[in-house]
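Containing compact mmCIF, C-alpha atoms: target_38.txt.
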# COMPACT_ATOMS: atom_id res chain seq x y z
CA MET Y 22 75.48 56.37 96.44
CA LYS Y 23 71.95 57.56 97.04
CA SER Y 24 72.71 58.98 100.50
CA SER Y 25 75.81 60.83 99.25
CA SER Y 26 73.82 62.56 96.52
CA THR Y 27 71.19 63.57 99.07
CA MET Y 28 74.00 65.01 101.21
CA ALA Y 29 75.31 66.87 98.19
CA VAL Y 30 71.90 68.38 97.51
CA ILE Y 31 71.56 69.45 101.14
CA VAL Y 32 75.03 71.01 101.26
CA THR Y 33 74.50 72.81 97.97
CA SER Y 34 71.18 74.28 99.07
CA LEU Y 35 72.68 75.33 102.41
CA LEU Y 36 75.50 77.09 100.56
CA ALA Y 37 72.95 78.78 98.33
CA VAL Y 38 71.02 80.01 101.38
CA VAL Y 39 74.22 81.36 102.96
CA LEU Y 40 75.13 83.06 99.69
CA ILE Y 41 71.73 84.73 99.45
CA TYR Y 42 71.97 85.82 103.10
CA VAL Y 43 75.41 87.36 102.51
CA ALA Y 44 74.34 89.00 99.27
CA GLU Y 45 71.48 90.68 101.13
CA ASP Y 46 74.06 92.50 103.26
CA ILE Y 47 76.06 93.93 100.37
CA PRO Y 48 75.45 97.69 100.21
CA GLY Y 49 73.62 99.10 97.22
CA PHE Y 50 75.92 99.73 94.31
CA GLY Y 51 76.96 103.34 93.88
CA ASP Y 52 75.34 104.55 97.10
CA PRO Y 53 77.91 106.86 98.75
CA GLU Y 54 76.01 106.85 102.06
CA ALA Y 55 76.03 103.04 102.40
CA PRO Y 56 77.38 102.04 105.85
CA ALA Y 57 80.25 99.93 104.60
CA ILE Y 58 81.43 102.69 102.28
CA LYS Y 59 81.02 105.71 104.53
CA SER Y 60 81.16 104.77 108.19
CA VAL Y 61 80.98 101.87 110.62
CA ASN Y 62 78.57 102.14 113.54
CA LEU Y 63 80.21 101.97 116.98
CA PHE Y 64 77.59 102.72 119.65
CA SER Y 65 74.73 105.05 120.49
CA LEU Y 66 74.08 107.45 123.39
CA PRO Y 67 70.93 109.19 124.66
CA SER Y 68 71.08 112.70 123.28
CA ASP Y 69 69.69 114.78 126.18
CA GLY Y 70 72.33 117.06 127.62
CA VAL Y 71 74.90 115.98 125.06
CA GLU Y 72 73.59 117.69 121.96
CA PRO Y 73 73.91 121.35 123.16
CA LEU Y 74 77.51 120.66 124.18
CA LEU Y 75 78.26 119.38 120.69
CA ASN Y 76 76.63 122.47 119.20
CA GLN Y 77 78.84 124.68 121.37
CA GLY Y 78 81.91 122.93 120.02
CA SER Y 79 83.02 121.07 123.14
CA ILE Y 80 83.24 117.31 123.50
CA PRO Y 81 80.81 115.83 126.06
CA GLU Y 82 82.23 113.64 128.85
CA PRO Y 83 80.05 110.46 128.38
CA LEU Y 84 81.03 110.30 124.73
CA VAL Y 85 84.76 110.45 125.54
CA LEU Y 86 84.28 107.75 128.19
CA ARG Y 87 82.52 105.39 125.79
CA ILE Y 88 85.18 105.95 123.12
CA HIS Y 89 87.89 105.27 125.71
CA GLU Y 90 86.12 102.04 126.73
CA ARG Y 91 86.27 100.82 123.16
CA GLY Y 92 90.01 101.50 123.02
CA LEU Y 93 89.71 104.04 120.22
CA PRO Y 94 91.69 107.30 119.89
CA ALA Y 95 90.29 110.25 121.82
CA PRO Y 96 88.76 113.12 119.82
CA SER Y 97 90.13 116.63 120.16
CA ARG Y 98 87.73 118.85 118.24
CA VAL Y 99 84.08 118.96 117.14
CA GLU Y 100 82.76 120.51 113.97
CA LYS Y 101 79.14 120.74 112.88
CA ILE Y 102 78.59 119.52 109.34
CA SER Y 103 77.15 122.49 107.49
CA GLY Y 104 74.03 121.74 105.50
CA ALA Y 105 73.11 118.61 107.46
CA ASP Y 106 70.97 118.92 110.58
CA GLY Y 107 72.13 117.04 113.65
CA GLN Y 108 75.45 115.74 112.31
CA TRP Y 109 78.90 116.42 113.68
CA ASN Y 110 82.46 115.45 112.78
CA LEU Y 111 84.94 114.61 115.51
CA PHE Y 112 88.64 115.09 114.76
CA VAL Y 113 91.54 113.08 116.16
CA PRO Y 114 95.07 114.52 116.54
CA LYS Y 115 97.93 112.90 114.61
CA GLU Y 116 101.68 113.01 115.08
CA GLU Y 117 102.98 112.15 111.60
CA MET Y 118 105.57 114.26 109.79
CA HIS Y 119 104.47 116.15 106.66
CA TYR Y 120 100.78 115.33 107.19
CA PRO Y 121 97.88 117.38 108.54
CA LYS Y 122 97.89 117.41 112.33
CA GLU Y 123 94.37 116.08 112.67
CA GLU Y 124 92.15 113.60 110.89
CA LYS Y 125 88.38 113.40 110.48
CA TYR Y 126 87.63 110.25 112.45
CA TYR Y 127 84.14 109.97 114.03
CA LEU Y 128 80.72 110.84 112.69
CA VAL Y 129 77.96 111.68 115.20
CA ARG Y 130 74.39 111.57 113.92
CA LYS Y 131 71.12 112.29 115.65
CA VAL Y 132 68.66 109.43 115.08
CA GLY Y 133 65.38 109.89 116.94
CA SER Y 134 66.32 110.73 120.53
CA ASP Y 135 69.70 108.97 120.31
CA LEU Y 136 73.11 109.99 119.06
CA VAL Y 137 74.73 107.32 116.88
CA ILE Y 138 78.53 107.46 116.87
CA SER Y 139 80.29 105.83 113.94
CA ARG Y 140 83.82 105.76 112.59
CA TYR Y 141 84.64 106.92 109.08
CA ALA Y 142 85.77 104.23 106.63
CA PHE Y 143 89.23 104.65 105.08
CA VAL Y 144 87.57 105.18 101.71
CA VAL Y 145 86.32 108.58 102.87
CA ARG Y 146 89.87 109.82 103.44
CA TRP Y 147 90.97 108.14 100.19
CA ILE Y 148 88.38 110.08 98.21
CA GLU Y 149 88.51 113.42 100.03
CA LYS Y 150 92.20 113.83 100.85
CA GLY Y 151 93.91 111.76 98.16
CA GLN Y 152 94.75 114.49 95.67
CA GLU Y 153 95.80 116.85 98.42
CA GLU Y 154 98.13 114.26 99.97
CA THR Y 155 99.68 112.76 96.84
CA GLY Y 156 99.42 115.45 94.15
CA VAL Y 157 97.93 113.07 91.60
CA PRO Y 158 94.39 113.62 90.31
CA ASN Y 159 93.68 110.00 89.37
CA MET Y 160 92.13 108.13 92.28
CA VAL Y 161 93.03 104.70 90.89
CA THR Y 162 96.69 105.58 90.37
CA TYR Y 163 97.35 107.03 93.80
CA GLY Y 164 95.58 104.05 95.29
CA LEU Y 165 97.62 101.59 93.26
CA ALA Y 166 101.07 103.14 93.52
CA ASP Y 167 101.00 105.11 96.76
CA TYR Y 168 98.49 103.99 99.39
CA ARG Y 169 98.81 100.38 98.31
CA GLY Y 170 102.43 100.48 97.17
CA TYR Y 171 103.35 97.26 98.95
CA ASP Y 172 100.50 95.45 97.24
CA THR Y 173 101.62 96.60 93.80
CA LEU Y 174 105.22 95.62 94.54
CA GLY Y 175 103.91 92.12 95.28
CA GLU Y 176 101.84 92.06 92.10
CA THR Y 177 104.85 93.05 90.03
CA SER Y 178 106.97 90.33 91.61
CA VAL Y 179 104.19 87.81 90.83
CA ILE Y 180 104.44 88.77 87.16
CA PHE Y 181 108.23 88.56 87.33
CA THR Y 182 107.98 85.10 88.91
CA ALA Y 183 105.66 83.96 86.14
CA GLY Y 184 108.16 85.10 83.52
CA VAL Y 185 111.08 83.40 85.26
CA SER Y 186 109.09 80.16 85.62
CA VAL Y 187 108.34 80.08 81.91
CA ILE Y 188 112.02 80.75 81.17
CA LEU Y 189 113.10 77.87 83.42
CA LEU Y 190 110.55 75.45 82.00
CA LEU Y 191 110.79 76.19 78.29
CA ARG Y 192 114.21 77.72 77.60
CA ARG Y 193 116.45 74.71 78.29
CA ARG Y 194 119.61 75.43 76.41
CA GLY Y 195 122.07 75.76 79.20
CA ARG Y 196 121.84 79.53 79.45
CA LEU Y 197 119.33 81.92 80.86
CA MET Z 24 113.33 82.27 58.26
CA LYS Z 25 114.22 80.55 54.98
CA GLU Z 26 112.03 81.89 52.18
CA LYS Z 27 109.17 82.10 54.61
CA ARG Z 28 107.60 85.52 54.38
CA THR Z 29 104.24 86.72 55.40
CA SER Z 30 102.40 88.87 52.93
CA ILE Z 31 104.20 92.07 51.94
CA VAL Z 32 101.10 94.10 52.87
CA ILE Z 33 101.19 92.84 56.44
CA GLU Z 34 104.93 93.51 56.67
CA VAL Z 35 104.69 97.10 55.49
CA VAL Z 36 101.59 97.93 57.51
CA SER Z 37 103.02 96.53 60.73
CA ARG Z 38 106.36 98.24 60.12
CA VAL Z 39 104.46 101.52 60.04
CA MET Z 40 102.18 100.68 62.96
CA ILE Z 41 104.64 99.26 65.50
CA PRO Z 42 106.39 102.58 66.37
CA PHE Z 43 103.03 104.17 66.94
CA ILE Z 44 101.93 101.29 69.16
CA GLN Z 45 105.10 101.73 71.20
CA LEU Z 46 104.61 105.49 71.39
CA PHE Z 47 101.06 104.92 72.59
CA ALA Z 48 102.37 102.51 75.22
CA LEU Z 49 104.76 105.18 76.52
CA TYR Z 50 101.89 107.67 76.54
CA VAL Z 51 99.76 105.30 78.60
CA ILE Z 52 102.58 104.77 81.12
CA ILE Z 53 103.41 108.46 81.50
CA HIS Z 54 99.79 109.62 81.67
CA GLY Z 55 98.81 107.05 84.25
CA SER Z 56 98.51 109.78 86.86
CA GLY Z 57 96.24 112.05 84.86
CA GLY Z 58 93.95 109.69 83.05
CA PRO Z 59 93.22 106.04 82.61
CA GLY Z 60 96.33 103.91 82.31
CA GLY Z 61 99.46 103.08 84.24
CA GLY Z 62 102.40 100.73 84.32
CA PHE Z 63 100.57 97.44 83.85
CA GLN Z 64 98.48 98.58 80.89
CA GLY Z 65 101.28 100.44 79.12
CA GLY Z 66 103.69 97.57 79.64
CA VAL Z 67 101.28 95.09 78.12
CA ILE Z 68 100.76 97.35 75.09
CA PHE Z 69 104.54 97.62 74.67
CA GLY Z 70 104.89 93.85 74.93
CA ALA Z 71 102.10 93.43 72.39
CA SER Z 72 104.10 95.48 69.89
CA PHE Z 73 106.93 92.91 70.14
CA ILE Z 74 104.42 90.10 69.79
CA LEU Z 75 103.12 91.70 66.58
CA TYR Z 76 106.72 91.94 65.38
CA VAL Z 77 107.24 88.22 66.00
CA VAL Z 78 103.99 87.32 64.24
CA VAL Z 79 105.08 89.22 61.14
CA TYR Z 80 108.88 88.80 61.05
CA HIS Z 81 109.09 85.40 62.79
CA TRP Z 82 111.09 84.36 65.79
CA GLU Z 83 114.54 85.36 64.56
CA GLY Z 84 113.42 88.78 63.43
CA GLY Z 85 111.82 89.41 66.80
CA ARG Z 86 114.88 88.22 68.71
CA LYS Z 87 117.03 90.60 66.67
CA ARG Z 88 114.98 93.49 68.01
CA LEU Z 89 114.79 92.23 71.58
CA PRO Z 90 117.75 89.93 72.30
CA GLU Z 91 117.39 87.25 74.94
CA GLY Z 92 119.89 88.75 77.35
CA ALA Z 93 118.30 92.19 77.20
CA ASN Z 94 114.89 90.64 77.73
CA THR Z 95 115.99 88.85 80.88
CA ILE Z 96 117.72 91.96 82.19
CA PHE Z 97 114.67 94.14 81.54
CA SER Z 98 112.31 91.75 83.27
CA SER Z 99 114.22 92.15 86.52
CA LEU Z 100 115.25 95.78 85.98
CA GLY Z 101 111.71 97.07 86.46
CA LEU Z 102 111.38 95.29 89.78
CA TYR Z 103 114.78 96.67 90.84
CA ILE Z 104 113.59 100.19 90.00
CA TYR Z 105 110.46 99.70 92.09
CA ALA Z 106 112.22 98.26 95.11
CA GLY Z 107 115.07 100.76 94.66
CA VAL Z 108 112.71 103.73 94.88
CA GLY Z 109 111.37 102.21 98.08
CA LEU Z 110 114.89 101.82 99.47
CA LEU Z 111 115.72 105.42 98.50
CA ALA Z 112 112.71 106.47 100.54
CA ILE Z 113 114.17 104.57 103.52
CA LEU Z 114 117.56 106.27 103.03
CA PHE Z 115 116.14 109.79 102.86
CA SER Z 116 113.56 109.43 105.63
CA VAL Z 117 116.32 109.31 108.21
CA GLY Z 118 115.25 107.48 111.34
CA ALA Z 119 111.65 106.98 110.27
CA ALA Z 120 112.20 104.07 107.81
CA GLN Z 121 109.28 104.89 105.54
CA TYR Z 122 109.56 102.20 102.86
CA LEU Z 123 107.79 103.25 99.64
CA ASN Z 124 106.81 106.64 101.06
CA TYR Z 125 108.00 108.60 98.03
CA GLY Z 126 107.51 111.98 99.64
CA PHE Z 127 110.88 111.81 101.38
CA ILE Z 128 112.92 111.38 98.16
CA PRO Z 129 114.15 114.89 97.30
CA PHE Z 130 113.16 115.20 93.63
CA THR Z 131 111.87 118.69 94.43
CA SER Z 132 111.54 120.63 97.65
CA HIS Z 133 107.84 119.91 97.94
CA PHE Z 134 106.63 116.80 99.79
CA VAL Z 135 103.45 116.26 97.76
CA GLU Z 136 105.20 116.73 94.41
CA ASN Z 137 107.84 114.20 95.47
CA ARG Z 138 105.07 111.69 96.02
CA ALA Z 139 103.68 112.28 92.53
CA LEU Z 140 107.14 111.95 90.94
CA GLY Z 141 107.96 108.84 92.95
CA MET Z 142 104.74 107.32 91.69
CA GLU Z 143 105.83 108.02 88.10
CA CYS Z 144 109.17 106.24 88.70
CA VAL Z 145 107.36 103.26 90.14
CA GLU Z 146 104.97 103.14 87.19
CA ILE Z 147 107.92 103.15 84.79
CA GLY Z 148 109.43 100.24 86.71
CA ILE Z 149 106.17 98.28 86.52
CA GLY Z 150 105.95 99.05 82.80
CA ILE Z 151 109.45 97.72 82.08
CA THR Z 152 108.86 94.47 83.97
CA VAL Z 153 105.45 93.81 82.43
CA MET Z 154 106.73 94.59 78.92
CA ALA Z 155 109.71 92.25 79.25
CA VAL Z 156 107.74 89.43 80.87
CA ALA Z 157 104.89 89.56 78.34
CA ALA Z 158 107.36 89.49 75.46
CA SER Z 159 109.51 86.81 77.11
CA ILE Z 160 106.60 84.43 77.72
CA PHE Z 161 105.47 84.82 74.11
CA PHE Z 162 109.00 84.26 72.74
CA ASP Z 163 109.41 81.11 74.81
CA LEU Z 164 106.02 79.70 73.85
CA ALA Z 165 106.48 80.59 70.17
CA ALA Z 166 109.91 78.93 69.92
CA GLU Z 167 109.13 75.70 68.10
CA GLY Z 168 110.81 72.47 69.06
CA GLY Z 169 112.95 73.59 71.94
CA GLU Z 170 115.52 70.84 72.54
CA LYS Z 171 114.73 68.79 69.44
CA GLY Z 172 114.19 71.40 66.78
CA ASP Z 173 117.29 73.45 67.57
CA LYS Z 174 119.23 72.35 64.48
CA GLU Z 175 116.49 72.87 61.93
CA GLY Z 176 115.96 76.37 63.19
CA ARG Z 177 112.69 77.76 64.30
CA HIS Z 178 110.34 80.25 62.88

Re-express the file's structure as structure tokens.
Amino acid sequence: MKSSSTMAVIVTSLLAVVLIYVAEDIPGFGDPEAPAIKSVNLFSLPSDGVEPLLNQGSIPEPLVLRIHERGLPAPSRVEKISGADGQWNLFVPKEEMHYPKEEKYYLVRKVGSDLVISRYAFVVRWIEKGQEETGVPNMVTYGLADYRGYDTLGETSVIFTAGVSVILLLRRRGRL
Amino acid sequence: MKEKRTSIVIEVVSRVMIPFIQLFALYVIIHGSGGPGGGFQGGVIFGASFILYVVVYHWEGGRKRLPEGANTIFSSLGLYIYAGVGLLAILFSVGAAQYLNYGFIPFTSHFVENRALGMECVEIGIGITVMAVAASIFFDLAAEGGEKGDKEGRH
């Protein structure tokens, strides 16, 4: 009895430590530049020789090679982000009907003497392109009914199942 | 319902209020794309209007307004509308099989507007299901007795 309660205390405190460690990693609430919300870091490159090419609007060879190594789609166009120094967007071509032919995919930032390449999170497209793609101004609604339509179909069928279960359990009079 | 009446004040006030509650529910469903709201919220408000009706006019009065058969049909109809819009999208997106991609359904000639209209249809479907299920669960839980109390009648 005594040893099991000691075990319980140890396990509980371990769980608490893990919880605190995980909570430390959660991005600050409401910070639009937080890594998990805006972009996921992929790799970094030394910037000498690469940066002028990016400024000229052509994609440097080592960058394409590294992206290819990671098995990610190859970029087709570079654009300097106006207003921010040392930041570029890389665009990726797309083949879908009725949609724009390219998508903003990689973010290149200059940090010190390195270039950090990261991939945009889906949330960025959700926020920036949502109204343009779906014609609905409410971000929650186009998320619920369009981008996550399958999810909402499942939710609705969960509610339907709950109703049918209550009917089967409580309405026992030989008819439905 | 024998000689059992709630207070006349409650009856009159709720008789005036219930249509407005239902109108507000429809407003919430339709304006889901422009403001806060949507199918789930509007459906629950609509179901709540039936629940208020049952609280005031008892079980029989409520069942007169929303018969059992209609309730069961409505609770599946909304889901059929939702899945049906998705299947329509498959039919019209010939060869691409885009389930639930509303843009391909030709409501208008414009792809983006089709998506907005398809979303409205889906929201209406969600609203119908949620309304019927919320009301149905309350009716079943409020029915006193079940097997035993069938003869005495319930209230």

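Taking all atoms listed in the file into account, chain Z lies nearest to Y:Thr182 out of the set Y:Ser134, Y:Ser65, Y:Thr182, Y:Ser103.
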
In Å, rounded to a single decimal, give me how far CA of Leu111 in chain Z is from CA of Glu124 in chain Y.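 Interatomic distance here is 27.9 Å.
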
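For the pair CA of Ile88 in chain Y and CA of His119 in chain Y, the interatomic distance is 27.3 Å.
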
One decimal, in Å: what's the spacing between CA of Gly66 in chain Z and CA of Gly101 in chain Z?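 The value is 10.5 Å.
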
Considering all atoms listed in the file, extract the chain Y residues located within 10 Å of chain Z and return them as a PyMOL selection string. chain Y and resi 118-120+152-163+165-171+173-178+180-194+196-197

Which is closest to Ile113 in chain Z among Z:Ala93, Z:Leu46, Z:Ile128, Z:Ile52, if we use all atoms listed in the file? Z:Ile128

Could you give me, as a list in words, the residues that sit within 7 Å of (108.3, 97.7, 75.7) in the file's coordinates, counting all atoms listed in the file?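 Within the cut-off we find Gln45, Gly66, Phe69, Gly70, Ile151, Met154 and Ala155 of chain Z.
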
How big is the axis-aligned box, and where does its centre sit, when it encloses all atoms of range 150-157 of chain Z listed in the file and has 3 Å added on every side, reported in Å to one decimal as JSON?
{"center_x": 107.3, "center_y": 94.2, "center_z": 81.2, "size_x": 10.8, "size_y": 15.6, "size_z": 11.6}

Calculated over only C-alpha atoms, which of the candidates Y:Leu93, Y:Leu40, Y:Ile31, Y:Ala105 has the smallest distance to Lys131 in chain Y? Y:Ala105

Do a neighbour search on Leu111 in chain Y at 8 Å with all atoms listed in the file, toss out local chain neighbours closer than 4 positions, and write the hits as an NGL selection string. :Y and (96-100 or 125-129)

Regenerate range 28-48 of chain Z at the level of N, CA and C atoms and dump it as a PDB file, in the coordinates of the input.
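out_35.pdb written:
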ATOM      1  N   ARG Z  28     107.988  84.143  54.112  1.00  0.00           N
ATOM      2  CA  ARG Z  28     107.600  85.520  54.380  1.00  0.00           C
ATOM      3  C   ARG Z  28     106.100  85.595  54.481  1.00  0.00           C
ATOM      4  N   THR Z  29     105.659  86.407  55.398  1.00  0.00           N
ATOM      5  CA  THR Z  29     104.240  86.720  55.400  1.00  0.00           C
ATOM      6  C   THR Z  29     104.003  87.699  54.266  1.00  0.00           C
ATOM      7  N   SER Z  30     102.760  87.992  54.037  1.00  0.00           N
ATOM      8  CA  SER Z  30     102.400  88.870  52.930  1.00  0.00           C
ATOM      9  C   SER Z  30     103.085  90.232  53.054  1.00  0.00           C
ATOM     10  N   ILE Z  31     103.474  90.783  51.943  1.00  0.00           N
ATOM     11  CA  ILE Z  31     104.200  92.070  51.940  1.00  0.00           C
ATOM     12  C   ILE Z  31     103.336  93.184  52.514  1.00  0.00           C
ATOM     13  N   VAL Z  32     102.009  93.071  52.325  1.00  0.00           N
ATOM     14  CA  VAL Z  32     101.100  94.100  52.870  1.00  0.00           C
ATOM     15  C   VAL Z  32     101.197  94.119  54.390  1.00  0.00           C
ATOM     16  N   ILE Z  33     101.133  92.916  54.973  1.00  0.00           N
ATOM     17  CA  ILE Z  33     101.190  92.840  56.440  1.00  0.00           C
ATOM     18  C   ILE Z  33     102.522  93.379  56.937  1.00  0.00           C
ATOM     19  N   GLU Z  34     103.612  93.035  56.227  1.00  0.00           N
ATOM     20  CA  GLU Z  34     104.930  93.510  56.670  1.00  0.00           C
ATOM     21  C   GLU Z  34     104.999  95.023  56.687  1.00  0.00           C
ATOM     22  N   VAL Z  35     104.560  95.640  55.589  1.00  0.00           N
ATOM     23  CA  VAL Z  35     104.690  97.100  55.490  1.00  0.00           C
ATOM     24  C   VAL Z  35     103.778  97.786  56.500  1.00  0.00           C
ATOM     25  N   VAL Z  36     102.535  97.286  56.588  1.00  0.00           N
ATOM     26  CA  VAL Z  36     101.590  97.930  57.510  1.00  0.00           C
ATOM     27  C   VAL Z  36     102.083  97.838  58.940  1.00  0.00           C
ATOM     28  N   SER Z  37     102.587  96.651  59.333  1.00  0.00           N
ATOM     29  CA  SER Z  37     103.020  96.530  60.730  1.00  0.00           C
ATOM     30  C   SER Z  37     104.300  97.313  60.969  1.00  0.00           C
ATOM     31  N   ARG Z  38     105.151  97.438  59.927  1.00  0.00           N
ATOM     32  CA  ARG Z  38     106.360  98.240  60.120  1.00  0.00           C
ATOM     33  C   ARG Z  38     105.992  99.695  60.397  1.00  0.00           C
ATOM     34  N   VAL Z  39     104.898 100.149  59.765  1.00  0.00           N
ATOM     35  CA  VAL Z  39     104.460 101.520  60.040  1.00  0.00           C
ATOM     36  C   VAL Z  39     103.780 101.611  61.409  1.00  0.00           C
ATOM     37  N   MET Z  40     103.005 100.582  61.750  1.00  0.00           N
ATOM     38  CA  MET Z  40     102.180 100.680  62.960  1.00  0.00           C
ATOM     39  C   MET Z  40     102.966 100.503  64.253  1.00  0.00           C
ATOM     40  N   ILE Z  41     103.997  99.640  64.237  1.00  0.00           N
ATOM     41  CA  ILE Z  41     104.640  99.260  65.500  1.00  0.00           C
ATOM     42  C   ILE Z  41     105.218 100.459  66.260  1.00  0.00           C
ATOM     43  N   PRO Z  42     105.921 101.420  65.595  1.00  0.00           N
ATOM     44  CA  PRO Z  42     106.390 102.580  66.370  1.00  0.00           C
ATOM     45  C   PRO Z  42     105.271 103.349  67.025  1.00  0.00           C
ATOM     46  N   PHE Z  43     104.140 103.425  66.340  1.00  0.00           N
ATOM     47  CA  PHE Z  43     103.030 104.170  66.940  1.00  0.00           C
ATOM     48  C   PHE Z  43     102.440 103.414  68.131  1.00  0.00           C
ATOM     49  N   ILE Z  44     102.404 102.080  68.024  1.00  0.00           N
ATOM     50  CA  ILE Z  44     101.930 101.290  69.160  1.00  0.00           C
ATOM     51  C   ILE Z  44     102.841 101.517  70.364  1.00  0.00           C
ATOM     52  N   GLN Z  45     104.164 101.545  70.096  1.00  0.00           N
ATOM     53  CA  GLN Z  45     105.100 101.730  71.200  1.00  0.00           C
ATOM     54  C   GLN Z  45     104.992 103.138  71.790  1.00  0.00           C
ATOM     55  N   LEU Z  46     104.784 104.120  70.904  1.00  0.00           N
ATOM     56  CA  LEU Z  46     104.610 105.490  71.390  1.00  0.00           C
ATOM     57  C   LEU Z  46     103.364 105.579  72.262  1.00  0.00           C
ATOM     58  N   PHE Z  47     102.296 104.910  71.827  1.00  0.00           N
ATOM     59  CA  PHE Z  47     101.060 104.920  72.590  1.00  0.00           C
ATOM     60  C   PHE Z  47     101.268 104.248  73.950  1.00  0.00           C
ATOM     61  N   ALA Z  48     102.090 103.178  73.948  1.00  0.00           N
ATOM     62  CA  ALA Z  48     102.370 102.510  75.220  1.00  0.00           C
ATOM     63  C   ALA Z  48     103.077 103.460  76.181  1.00  0.00           C
TER      64      ALA Z  48
END
